[in-house]
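Beneath this line is the structure, given in structure tokens, with notes to follow.
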Amino acid sequence: MKYLRYKGEFLSISNVLWRAEIWQEAGGEFEAVGLLEFDADEPLSIEWNEKSKEEVIQGSTATLKIISPGDRTYEDLYSIEVGRVRLDIYRNNALYWSGCIDTEFYEEPYEQLNGYTVSLSFTDFGVLERLKYDLGNMQTLYEIVSYCIGRCGINCGGIDDSLISTALTGSSKAMRLSDVKVRSDNFYDEDGEASTLTEVIEGILQPLALRMIQRAGKVYIYDLNGLYRQANKLPIVWDGSSQTMGVDVVYNNAKITWSTYAQSGNLSPTDCWGSIKTDATLTALNQLSGGSSNGATYFSYHYSTALTDWIDATDCGFTIWVAKEGNNAELGDGVYFYKIVPQYDGSESEGIALFWQSVAGIRVGTNKNWYAGYRNQGHGQPKIPGTTASIGPALFKSNPVWVPPIANSSELVVRVGIDMLLDPRFNPFESAANIMKYVEQKDWYDQFNRYGNFVYVPVTIKFQPDGSDTVYVWDNRSIVKRPVSYPATTINDTYGSWVEYTGDKAPNAWGYLCYYDARDHVDTSGVLGWKKNRPAINPHKQATISILTNAEAGQYIPYPNFGGGGGKLWVEVRREGWLIVNEGTDLEKAENGPKSLWGKIAWLLMKLPEIEIMNAGQFDKTINTDDVEYNAQLNGAAKEPIEIDTICGTSAEGVPTARGAYFNAKTGKQITTFTRAGRTTQAEDLLIGTLYSQFAQRRTTLSGDAQILHEPIAVYREDNQDGKLFMVASETQDVRMDCSEAVFVELRPDEYKRNNE
């Protein structure tokens, strides 16, 4: 918390009372508040650097010149951490300006013991460049601006957005910052690195032609059209013998490029193995309990399928490491994170280990008369199979991913896929072999192809809207339990539906991921080796139509669009209720695991779920992530173009999964158009209209000393510039002299229309 450390007052030449207060972070109030003694010539100046009209942040700095009563009195005000020391300036007892000390600069005369002048520099928005964004979920523009101002540490008398002239399409009133939302994940890159607060403020405001400035104790968010039409109009009162007239820049062409940062591909993380380091040189052949290292257990598997090769324990094919420590999933009882480390075969992977067997080759008999035998031991969670009547608790739960709200949920689908290794082979990376009597894994493999055509895995795929306690669950039981005399053969037969979820103890609804061979679900198993689930159908014998047969693997489910504001989606794979069935028999009547297939499983591993947002109109097509570009000529005779890259924006067709889209805060729907100055079109096209109005023709600039511009934000008239209005482009205030050295630039309202308008 900040406490008052120093304060002081002085009068300007016009008898205006100025007060400076320095507040410093501390554990409690200071014993005494120090009195500031000011430099006689220029005790305080405030400078707004010149910014072009399309730039967003017009920050300012204050320089306080005070007399040091002792050696290095004010040295402790400078800290590496920003925001710990604040200057508040009051004009006639009203808050006028606030900013925090610039920690990058400090110097004072070193040759004097006391009585020397020290310059302290403070900035209002300068620290934004050094601070990182750390919010989540959706935020309104007002919430983000307020958050950023708070992170600056300044004493803000309020955020004034009354000079915004843009309106939400269909509204008769100008919008407020609280009317529009954006997604926080737009401000983190693919590696999770956050944007600076400068990038965030510019990102959310620039496409809407908005600017930000601190004046007279408030932060103003405004657009140039609103400033021209609605702000107070005041005269420029020159206060010096010399003023200069010039012209502002003119641009040839305007190009605005919106990087949509649209979500495409898998939204969910694929890695889950924790920080435990694996070592390919560590093996544990013929050890039923495995080896241990750093809190993990590892089991090794033979490369050879000849039992006699196992005895000397040198033919290591691969090793699986298992541990309870991991990332991006919550584990149930008897379930572990795994990582496969190849030696001579296998492929590296990581995920969730549900069940696995360890094996050991042994000598049976005497040293001279022996034969090779084996032992095995099961690990993990054996309570997997069940019926269609109920399911057990979650084996594991994936971390939630956020899915955005969309205007029309029929435009998109969600695709959920889980790679699964369900296999009877001790080494699933080698051909099946009959190892010995009663361990006829080649026969078991063939039995899976003959009798284990379909595998059904119970899941609860859940969606919780933002700001709601209600949870919805995806349900396709009516599809997979349909009699095989009514086969599901089209993609539309496979989607399922969302229903409200009532609780985990006795779930009212759930779904099934289905594993089968798309081209032959009569004589081929849907598992054996790594396989991914497919659109779920009932276990019939009929051929499926081409679009279903050729669809990419994964379960397509309707897009969840409850609550209108997006929400989080996650996948839970459930215990019990798993089914291995033969083709051609109704699921509820079928034998679960014919030929004792459940007892012949050596492996049951899963990778983390993949969650993708897909086009529904163009089936199986990923989302377009291309940038959206807008162009217009401003003045063909000019030389230089103006180009602006934005991270928030709009598109006429909408980009449903764009992280950088704007959303209506009330409806939750993506915004595709705004209205300003009688035009309704995309934000970028309106911005081009603003650029045209300001830069298509020469605009007058005026500069010189004027009476101090102490009022809130305003536009200005000049007696010799008939009908023209000016805005302040830059200003340095010498508050003791009540004087401003200012640059004024001519301002125009939005008056651009395209040829077809």
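Scheme for the structure tokens: letters A, B, ... for chains in order shown; per-chain residue numbers from 1; ligand numbers from 1 in order shown.
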
* **Test item: residues at most 12 Å from A:Gly59, only C-alpha atoms, excluding those fewer than 5 positions along its chain, as a ChimeraX atom specification** => /A:46-51,97-99,122-129,149,152,198,211-215,219-220,729-731

Could you please take those selected residues and save C-alpha atoms as a short mmCIF file (atom, residue, chain, number, x, y, z; two decimals), in the first residue's frame?
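And here's again.cif as it stands now:
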data_model
loop_
_atom_site.label_atom_id
_atom_site.label_comp_id
_atom_site.auth_asym_id
_atom_site.auth_seq_id
_atom_site.Cartn_x
_atom_site.Cartn_y
_atom_site.Cartn_z
CA ILE A 46 4.29 18.09 -17.83
CA GLU A 47 4.94 16.91 -21.37
CA TRP A 48 2.71 15.03 -23.81
CA ASN A 49 4.93 13.81 -26.66
CA GLU A 50 3.69 14.28 -30.20
CA LYS A 51 1.72 11.34 -31.56
CA TRP A 97 -2.17 14.55 -13.22
CA SER A 98 -0.77 11.33 -11.77
CA GLY A 99 2.13 9.10 -12.69
CA PHE A 122 7.33 10.42 -13.55
CA THR A 123 5.30 8.77 -16.30
CA ASP A 124 1.65 7.83 -16.58
CA PHE A 125 1.56 5.14 -19.29
CA GLY A 126 5.27 4.58 -19.91
CA VAL A 127 5.39 1.52 -17.67
CA LEU A 128 2.86 -0.33 -19.85
CA GLU A 129 5.70 -1.39 -22.14
CA ILE A 149 -4.39 1.80 -15.63
CA CYS A 152 0.37 1.64 -14.07
CA THR A 198 1.12 -1.53 -24.43
CA ARG A 211 -7.00 6.87 -28.49
CA MET A 212 -6.05 7.15 -24.81
CA ILE A 213 -4.79 10.20 -22.92
CA GLN A 214 -4.71 11.52 -19.34
CA ARG A 215 -6.04 15.05 -18.96
CA VAL A 219 -8.18 9.03 -18.55
CA TYR A 220 -10.06 9.69 -21.77
CA ALA A 729 -0.77 16.87 -31.02
CA SER A 730 1.85 17.62 -28.37
CA GLU A 731 2.25 19.91 -25.40
#

* **Contact residues around A:Ile22 with only C-alpha atoms at 10 Å, ignoring same-chain residues under 2 positions, as JSON, numbers by chain** => {"A": [2, 3, 4, 5, 6, 7, 8, 20, 24, 33, 34, 36, 77, 85, 86, 87, 88, 89, 98, 99, 100, 101]}

* Asked: What separation in Å, quoted to one decimal, exists between atom CA of A:Ala518 and atom CA of A:Phe337?
  -> 29.6 Å

Using only C-alpha atoms, tabulate the residues of stretch 173-201 of chain A lying at most 12 Å from any atom of stretch 263-270 of chain A, each with its closest atom pair and that distance in Å to one decimal, by chain and increasing residue number, as a tab-separated table.
residue	atom	partner	partner_atom	distance
A:Arg183	CA	A:Gln263	CA	11.8
A:Asp185	CA	A:Gln263	CA	10.2
A:Asn186	CA	A:Gln263	CA	9.9
A:Asp189	CA	A:Gln263	CA	11.7
A:Glu190	CA	A:Gln263	CA	10.4
A:Asp191	CA	A:Pro269	CA	11.2
A:Gly192	CA	A:Pro269	CA	11.9
